[in-house]
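Data file: data-v1.csv. Format and content: CSV, C-alpha atoms.
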```csv
chain,number,residue,atom,x,y,z
Y,22,MET,CA,141.3,72.4,40.1
Y,23,SER,CA,141.6,68.6,40.1
Y,24,LEU,CA,140.3,66.3,42.9
Y,25,ALA,CA,143.9,65.7,44.0
Y,26,GLN,CA,144.5,69.4,44.2
Y,27,LYS,CA,141.3,70.0,46.2
Y,28,THR,CA,142.2,67.1,48.5
Y,29,GLU,CA,145.7,68.6,49.1
Y,30,ALA,CA,144.1,72.0,49.8
Y,31,ALA,CA,141.7,70.5,52.3
Y,32,LEU,CA,144.5,68.7,54.0
Y,33,GLU,CA,146.5,71.9,54.2
Y,34,LEU,CA,143.6,73.7,55.9
Y,35,LEU,CA,143.1,70.8,58.3
Y,36,ARG,CA,146.9,70.8,59.2
Y,37,ARG,CA,146.8,74.6,59.7
Y,38,ALA,CA,143.8,74.3,62.0
Y,39,ALA,CA,145.5,71.6,64.1
Y,40,ARG,CA,148.7,73.7,64.2
Y,41,ASP,CA,147.2,77.1,64.9
Y,42,HIS,CA,144.1,76.4,67.1
Y,43,ALA,CA,144.7,73.2,69.1
Y,44,PRO,CA,142.7,71.5,70.4
Y,45,VAL,CA,140.6,71.1,67.3
Y,46,VAL,CA,137.5,69.0,66.9
Y,47,PHE,CA,135.5,67.8,63.9
Y,48,ALA,CA,131.7,67.9,64.1
Y,49,ASN,CA,130.8,64.7,62.2
Y,50,SER,CA,127.2,64.2,61.1
Y,51,LEU,CA,128.1,61.1,59.1
Y,52,GLY,CA,126.8,62.5,55.9
Y,53,ALA,CA,128.8,62.2,52.6
Y,54,GLU,CA,131.0,65.3,53.1
Y,55,ASP,CA,131.7,64.3,56.7
Y,56,MET,CA,132.8,60.9,55.7
Y,57,VAL,CA,135.3,62.5,53.3
Y,58,LEU,CA,136.6,64.5,56.2
Y,59,THR,CA,136.6,61.5,58.5
Y,60,ASP,CA,138.9,59.7,56.0
Y,61,LEU,CA,141.2,62.7,55.6
Y,62,ILE,CA,141.5,63.3,59.3
Y,63,ALA,CA,141.9,59.6,60.3
Y,64,ARG,CA,144.6,59.0,57.7
Y,65,HIS,CA,146.5,62.4,57.7
Y,66,VAL,CA,145.6,64.6,60.7
Y,67,PRO,CA,144.6,62.2,63.6
Y,68,GLN,CA,145.3,64.9,66.2
Y,69,ILE,CA,141.9,66.4,65.3
Y,70,ALA,CA,139.3,64.8,67.5
Y,71,MET,CA,135.9,63.7,66.1
Y,72,PHE,CA,132.5,63.9,67.6
Y,73,SER,CA,128.9,63.2,66.6
Y,74,LEU,CA,125.6,64.3,68.1
Y,75,ASP,CA,123.1,61.5,68.9
Y,76,THR,CA,119.9,63.4,69.0
Y,77,GLY,CA,117.9,60.2,70.0
Y,78,ARG,CA,116.1,60.4,66.6
Y,79,LEU,CA,118.8,59.2,64.2
Y,80,PRO,CA,118.0,56.7,61.5
Y,81,GLN,CA,119.3,53.1,62.1
Y,82,GLU,CA,121.6,53.5,59.0
Y,83,THR,CA,123.4,56.3,60.9
Y,84,TYR,CA,124.0,54.1,63.9
Y,85,THR,CA,125.3,51.4,61.7
Y,86,LEU,CA,127.7,53.8,60.1
Y,87,MET,CA,128.8,55.0,63.5
Y,88,GLN,CA,129.9,51.5,64.2
Y,89,GLN,CA,131.6,51.1,60.8
Y,90,VAL,CA,133.6,54.3,61.5
Y,91,ARG,CA,134.6,52.8,64.9
Y,92,THR,CA,135.9,49.6,63.2
Y,93,HIS,CA,137.2,51.1,59.9
Y,94,TYR,CA,139.3,53.9,61.4
Y,95,ALA,CA,141.7,53.9,64.3
Y,96,VAL,CA,140.3,57.2,65.7
Y,97,PRO,CA,137.6,57.5,68.3
Y,98,LEU,CA,134.2,59.1,67.5
Y,99,GLU,CA,133.0,60.7,70.7
Y,100,VAL,CA,129.2,60.8,70.9
Y,101,TYR,CA,127.3,63.6,72.7
Y,102,PHE,CA,123.7,63.1,73.7
Y,103,PRO,CA,121.0,65.7,74.7
Y,104,ARG,CA,120.4,66.2,78.4
Y,105,CYS,CA,117.7,63.6,79.5
Y,106,GLU,CA,115.9,66.2,81.6
Y,107,ALA,CA,115.6,68.6,78.6
Y,108,VAL,CA,114.3,66.0,76.3
Y,109,GLU,CA,111.7,64.9,78.9
Y,110,SER,CA,110.7,68.5,79.4
Y,111,PHE,CA,110.2,69.0,75.7
Y,112,VAL,CA,108.2,65.8,75.3
Y,113,ASP,CA,106.1,66.6,78.4
Y,114,ALA,CA,105.3,70.1,76.9
Y,115,CYS,CA,105.0,69.3,73.2
Y,116,GLY,CA,104.6,65.5,72.8
Y,117,VAL,CA,107.0,63.0,71.4
Y,118,ASN,CA,106.5,64.4,67.9
Y,119,GLY,CA,105.7,67.9,68.9
Y,120,PHE,CA,108.3,69.3,66.5
Y,121,TYR,CA,105.7,68.7,63.7
Y,122,ASP,CA,103.2,71.1,65.2
Y,123,SER,CA,105.0,74.4,64.7
Y,124,VAL,CA,108.3,76.0,63.6
Y,125,GLU,CA,108.7,77.2,67.2
Y,126,ASN,CA,108.5,73.6,68.5
Y,127,ARG,CA,110.9,72.4,65.8
Y,128,LYS,CA,113.5,75.1,66.9
Y,129,ARG,CA,113.0,74.2,70.5
Y,130,CYS,CA,113.6,70.5,69.7
Y,131,CYS,CA,116.8,71.4,67.8
Y,132,GLN,CA,117.9,73.5,70.7
Y,133,VAL,CA,117.5,70.6,73.1
Y,134,ARG,CA,118.8,67.8,70.8
Y,135,LYS,CA,121.5,69.6,68.8
Y,136,VAL,CA,122.5,73.1,69.9
Y,137,GLU,CA,123.1,72.4,73.6
Y,138,PRO,CA,125.0,69.2,73.0
Y,139,LEU,CA,127.1,71.0,70.3
Y,140,ARG,CA,128.0,73.7,72.8
Y,141,ARG,CA,129.3,71.0,75.2
Y,142,ALA,CA,131.2,69.3,72.5
Y,143,LEU,CA,132.9,72.6,71.5
Y,144,ALA,CA,133.7,73.7,75.1
Y,145,GLY,CA,137.4,74.3,75.6
Y,146,LYS,CA,138.3,73.9,71.9
Y,147,GLY,CA,140.3,76.3,69.8
Y,148,ALA,CA,138.6,75.5,66.5
Y,149,TRP,CA,136.1,73.2,64.9
Y,150,ILE,CA,135.8,71.6,61.5
Y,151,THR,CA,132.6,71.2,59.5
Y,152,GLY,CA,131.7,69.6,56.1
Y,153,LEU,CA,129.7,72.6,54.8
Y,154,ARG,CA,129.9,73.2,51.1
Y,155,ARG,CA,128.8,76.4,49.2
Y,156,GLU,CA,127.0,74.3,46.6
Y,157,GLN,CA,124.6,72.9,49.3
Y,158,ALA,CA,122.5,76.1,49.8
Y,159,ALA,CA,122.3,79.7,48.6
Y,160,SER,CA,122.7,80.7,52.3
Y,161,ARG,CA,126.2,79.3,52.3
Y,162,SER,CA,127.5,81.4,49.4
Y,163,GLY,CA,129.1,83.9,51.7
Y,164,LEU,CA,130.9,81.3,53.9
Y,165,GLN,CA,134.7,81.3,54.1
Y,166,ALA,CA,137.0,78.3,54.4
Y,167,SER,CA,138.3,79.8,57.7
Y,168,ALA,CA,136.7,82.4,59.9
Y,169,PHE,CA,136.0,83.2,63.5
Y,170,ASP,CA,132.6,81.7,64.6
Y,171,ALA,CA,131.2,84.4,67.0
Y,172,ASP,CA,128.2,82.3,67.8
Y,173,ASN,CA,130.4,79.6,69.4
Y,174,GLY,CA,133.4,81.7,70.3
Y,175,LEU,CA,136.0,79.8,68.4
Y,176,HIS,CA,137.5,79.5,64.9
Y,177,LYS,CA,135.6,77.4,62.3
Y,178,TYR,CA,137.1,75.7,59.3
Y,179,ASN,CA,135.2,74.4,56.2
Y,180,PRO,CA,137.8,72.4,54.2
Y,181,LEU,CA,135.3,71.2,51.6
Y,182,LEU,CA,133.7,74.5,51.0
Y,183,ASP,CA,134.4,74.6,47.3
Y,184,TRP,CA,134.0,70.9,46.6
Y,185,THR,CA,131.1,69.8,44.3
Y,186,HIS,CA,128.7,67.0,45.0
Y,187,ASP,CA,130.5,64.9,42.3
Y,188,GLU,CA,133.9,65.6,43.8
Y,189,VAL,CA,132.7,64.4,47.2
Y,190,TRP,CA,131.4,61.1,45.7
Y,191,ASP,CA,134.5,60.7,43.5
Y,192,TYR,CA,136.6,60.8,46.7
Y,193,ILE,CA,134.3,58.3,48.5
Y,194,ARG,CA,134.6,55.9,45.5
Y,195,THR,CA,138.3,56.4,44.9
Y,196,PHE,CA,139.2,55.7,48.6
Y,197,ASP,CA,136.5,53.2,49.3
Y,198,VAL,CA,135.1,55.4,52.2
Y,199,PRO,CA,132.2,54.0,54.1
Y,200,TYR,CA,129.0,56.1,53.8
Y,201,ASN,CA,125.4,56.2,54.9
Y,202,PRO,CA,123.3,54.0,52.6
Y,203,LEU,CA,120.5,56.6,52.9
Y,204,HIS,CA,122.4,58.6,50.3
Y,205,ASP,CA,121.6,55.7,47.9
Y,206,HIS,CA,117.9,56.5,48.5
Y,207,PHE,CA,118.5,60.1,47.5
Y,208,TYR,CA,118.9,61.7,50.9
Y,209,PRO,CA,120.9,64.9,50.2
Y,210,SER,CA,121.8,65.2,53.9
Y,211,ILE,CA,121.5,63.1,57.0
Y,212,GLY,CA,120.2,64.2,60.3
Y,213,CYS,CA,117.3,63.2,62.6
Y,214,ALA,CA,115.0,60.7,60.9
Y,215,PRO,CA,111.9,62.9,61.1
Y,216,CYS,CA,113.6,65.9,59.6
Y,217,SER,CA,115.9,64.4,57.0
```
As structure tokens, how would this structure be written, given the file I've shared?
Amino acid sequence: MSLAQKTEAALELLRRAARDHAPVVFANSLGAEDMVLTDLIARHVPQIAMFSLDTGRLPQETYTLMQQVRTHYAVPLEVYFPRCEAVESFVDACGVNGFYDSVENRKRCCQVRKVEPLRRALAGKGAWITGLRREQAASRSGLQASAFDADNGLHKYNPLLDWTHDEVWDYIRTFDVPYNPLHDHFYPSIGCAPCS
């Protein structure tokens, strides 16, 4: 399948999500895949809202890209933050970099900084969009392009599921999509600075 065909298939899935499950929201981590989806949604399916999670530990390059998205596209990027009290409690108990001390602490940090804000961002929505791709990890081989997400209680769409790394970057170059410069430094994905 050509890039044009994959792009049209992704757009059809986005349009179906917007039609069948409104309101729909896109969880934008500002990585390469998510910038492809940002471009597709902003240009073709703007009724899909976009949000990003600011964990308080993002690299400066991600904040710069957030601002670029704001000026480059005419769609708002809503930003969700962790609850201040929860971060303070984690830091009091584990230290500012306590997530390095154990897997349990890392999971607790993610719960405070990502999971709880994600739940707030998804509250009241009919579906959510992600940039997950099968090629990214063996654990994603069983994912479907569209399925009910029981963990979050709503439908989940993965429009780029069958895209390759090269197809993502071909799209970015073809449509001059802004992207996080950390990818130029061989970051395969972008998240919190200590964990990426």
Please, which residues in stretch 115-203 of chain Y fall within 12 Å of stretch 58-70 of chain Y when counting all atoms listed in the file, and what is the closest atom pair and distance in Å to one decimal for each, ordered by chain then residue number, as a Markdown table?
```
| residue | atom | partner | partner_atom | distance |
| --- | --- | --- | --- | --- |
| Y:Ala142 | CA | Y:Ala70 | CA | 10.5 |
| Y:Leu143 | CA | Y:Ala70 | CA | 10.9 |
| Y:Lys146 | CA | Y:Ala70 | CA | 10.2 |
| Y:Gly147 | CA | Y:Ile69 | CA | 11.0 |
| Y:Ala148 | CA | Y:Ile69 | CA | 9.8 |
| Y:Trp149 | CA | Y:Ile69 | CA | 8.9 |
| Y:Ile150 | CA | Y:Ile69 | CA | 8.9 |
| Y:Thr151 | CA | Y:Leu58 | CA | 8.5 |
| Y:Gly152 | CA | Y:Leu58 | CA | 7.1 |
| Y:Leu153 | CA | Y:Leu58 | CA | 10.7 |
| Y:Tyr178 | CA | Y:Leu58 | CA | 11.6 |
| Y:Asn179 | CA | Y:Leu58 | CA | 10.0 |
| Y:Pro180 | CA | Y:Leu58 | CA | 8.2 |
| Y:Leu181 | CA | Y:Leu58 | CA | 8.2 |
| Y:Leu182 | CA | Y:Leu58 | CA | 11.6 |
| Y:Trp184 | CA | Y:Leu58 | CA | 11.8 |
| Y:Val189 | CA | Y:Leu58 | CA | 9.8 |
| Y:Tyr192 | CA | Y:Asp60 | CA | 9.6 |
| Y:Ile193 | CA | Y:Asp60 | CA | 8.9 |
| Y:Arg194 | CA | Y:Asp60 | CA | 12.0 |
| Y:Thr195 | CA | Y:Asp60 | CA | 11.6 |
| Y:Phe196 | CA | Y:Asp60 | CA | 8.4 |
| Y:Asp197 | CA | Y:Asp60 | CA | 9.6 |
| Y:Val198 | CA | Y:Asp60 | CA | 6.9 |
| Y:Pro199 | CA | Y:Asp60 | CA | 9.0 |
| Y:Tyr200 | CA | Y:Thr59 | CA | 10.4 |
```
Set the distance at 12 Å and use only C-alpha atoms: which residues neighbour Y:Asp172 once local chain neighbours fewer than 2 positions away are removed? I'd like the list as a VMD selection string. chain Y and resid 136 139 to 140 143 168 to 170 174 to 177
The residues within 12 Å of (121.2, 64.0, 67.1), using only C-alpha atoms and the coordinates of the file, should be reported as a PyMOL selection string; which are they? chain Y and resi 48-51+72-80+83-84+100-104+108+130-139+211-217
Distance in Å - atom CA of Y:Val112 versus atom CA of Y:Arg129: 10.8 Å
Mind pulling up the distance from atom CA of Y:Arg154 to atom CA of Y:Glu54?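 Taking atom CA of Y:Glu54 and atom CA of Y:Arg154, their separation equals 8.2 Å.
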Hey, can you check how far atom CA of Y:Gly119 sits from atom CA of Y:Ser210?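 Atom-to-atom, atom CA of Y:Gly119 to atom CA of Y:Ser210, that is 22.2 Å.
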Give me the residues near Y:Asp205 as a PyMOL selection string, where near means some atom within 12 Å (using only C-alpha atoms) and where sequence neighbours in that chain fewer than 3 positions away do not count. chain Y and resi 52-53+82+190+200-202+208-211
Residue among Y:Asp113, Y:Tyr94, Y:Leu35, Y:Leu24 lying closest to Y:Met56, counting only C-alpha atoms: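 Of all the options, Y:Tyr94 lies closest to Y:Met56.
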Just add all heavy atoms to stretch 149-160 of chain Y and send it as a compact mmCIF listing (two decimals), keeping the file's coordinate frame.
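Wrote out36.txt, looks like this:
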```
# COMPACT_ATOMS: atom_id res chain seq x y z
N TRP Y 149 136.82 74.39 65.31
CA TRP Y 149 136.10 73.20 64.90
C TRP Y 149 135.99 73.14 63.41
O TRP Y 149 136.12 74.13 62.70
CB TRP Y 149 134.70 73.16 65.58
CG TRP Y 149 133.66 74.19 65.25
CD1 TRP Y 149 133.78 75.54 65.31
CD2 TRP Y 149 132.31 73.92 64.86
NE1 TRP Y 149 132.58 76.12 65.00
CE2 TRP Y 149 131.66 75.17 64.72
CE3 TRP Y 149 131.57 72.76 64.64
CZ2 TRP Y 149 130.32 75.29 64.35
CZ3 TRP Y 149 130.23 72.88 64.29
CH2 TRP Y 149 129.62 74.13 64.14
N ILE Y 150 135.80 71.90 62.93
CA ILE Y 150 135.80 71.60 61.50
C ILE Y 150 134.37 71.15 61.15
O ILE Y 150 133.73 70.40 61.89
CB ILE Y 150 136.74 70.39 61.20
CG1 ILE Y 150 138.14 70.62 61.78
CG2 ILE Y 150 136.77 70.08 59.71
CD1 ILE Y 150 138.92 71.73 61.17
N THR Y 151 133.89 71.62 59.98
CA THR Y 151 132.60 71.20 59.50
C THR Y 151 132.74 70.74 58.01
O THR Y 151 133.70 71.10 57.35
CB THR Y 151 131.50 72.25 59.55
OG1 THR Y 151 131.68 73.18 58.49
CG2 THR Y 151 131.50 72.94 60.90
N GLY Y 152 131.74 70.03 57.52
CA GLY Y 152 131.70 69.60 56.10
C GLY Y 152 130.84 70.46 55.24
O GLY Y 152 130.41 70.02 54.18
N LEU Y 153 130.59 71.70 55.64
CA LEU Y 153 129.70 72.60 54.80
C LEU Y 153 130.36 72.85 53.48
O LEU Y 153 131.57 73.01 53.34
CB LEU Y 153 129.55 73.92 55.57
CG LEU Y 153 128.83 73.88 56.92
CD1 LEU Y 153 128.78 75.27 57.53
CD2 LEU Y 153 127.44 73.30 56.76
N ARG Y 154 129.48 72.90 52.47
CA ARG Y 154 129.90 73.20 51.10
C ARG Y 154 129.00 74.35 50.56
O ARG Y 154 127.80 74.36 50.82
CB ARG Y 154 129.78 72.01 50.17
CG ARG Y 154 130.72 70.89 50.49
CD ARG Y 154 130.66 69.75 49.47
NE ARG Y 154 129.32 69.18 49.35
CZ ARG Y 154 128.51 69.34 48.30
NH1 ARG Y 154 128.89 70.06 47.25
NH2 ARG Y 154 127.31 68.77 48.27
N ARG Y 155 129.57 75.26 49.81
CA ARG Y 155 128.80 76.40 49.20
C ARG Y 155 127.67 75.87 48.35
O ARG Y 155 126.58 76.44 48.33
CB ARG Y 155 129.71 77.28 48.40
CG ARG Y 155 130.50 78.25 49.21
CD ARG Y 155 131.09 79.35 48.35
NE ARG Y 155 131.91 80.20 49.17
CZ ARG Y 155 133.23 80.14 49.20
NH1 ARG Y 155 133.88 79.31 48.41
NH2 ARG Y 155 133.91 80.95 49.99
N GLU Y 156 127.92 74.83 47.59
CA GLU Y 156 127.00 74.30 46.60
C GLU Y 156 125.68 73.78 47.29
O GLU Y 156 124.64 73.66 46.64
CB GLU Y 156 127.66 73.19 45.84
CG GLU Y 156 126.84 72.56 44.74
CD GLU Y 156 127.55 71.38 44.12
OE1 GLU Y 156 127.58 70.28 44.74
OE2 GLU Y 156 128.09 71.54 43.01
N GLN Y 157 125.71 73.51 48.58
CA GLN Y 157 124.60 72.90 49.30
C GLN Y 157 123.38 73.82 49.43
O GLN Y 157 122.25 73.35 49.49
CB GLN Y 157 125.00 72.38 50.65
CG GLN Y 157 125.94 71.20 50.59
CD GLN Y 157 126.55 70.89 51.94
OE1 GLN Y 157 126.95 71.80 52.67
NE2 GLN Y 157 126.61 69.62 52.28
N ALA Y 158 123.62 75.12 49.55
CA ALA Y 158 122.50 76.10 49.80
C ALA Y 158 122.94 77.48 49.44
O ALA Y 158 124.11 77.84 49.65
CB ALA Y 158 122.05 75.99 51.24
N ALA Y 159 122.01 78.26 48.96
CA ALA Y 159 122.30 79.70 48.60
C ALA Y 159 122.78 80.42 49.87
O ALA Y 159 123.63 81.32 49.78
CB ALA Y 159 121.08 80.33 48.05
N SER Y 160 122.28 80.05 51.03
CA SER Y 160 122.70 80.70 52.30
C SER Y 160 124.13 80.48 52.65
O SER Y 160 124.66 81.17 53.51
CB SER Y 160 121.76 80.27 53.42
OG SER Y 160 121.90 78.87 53.62
```
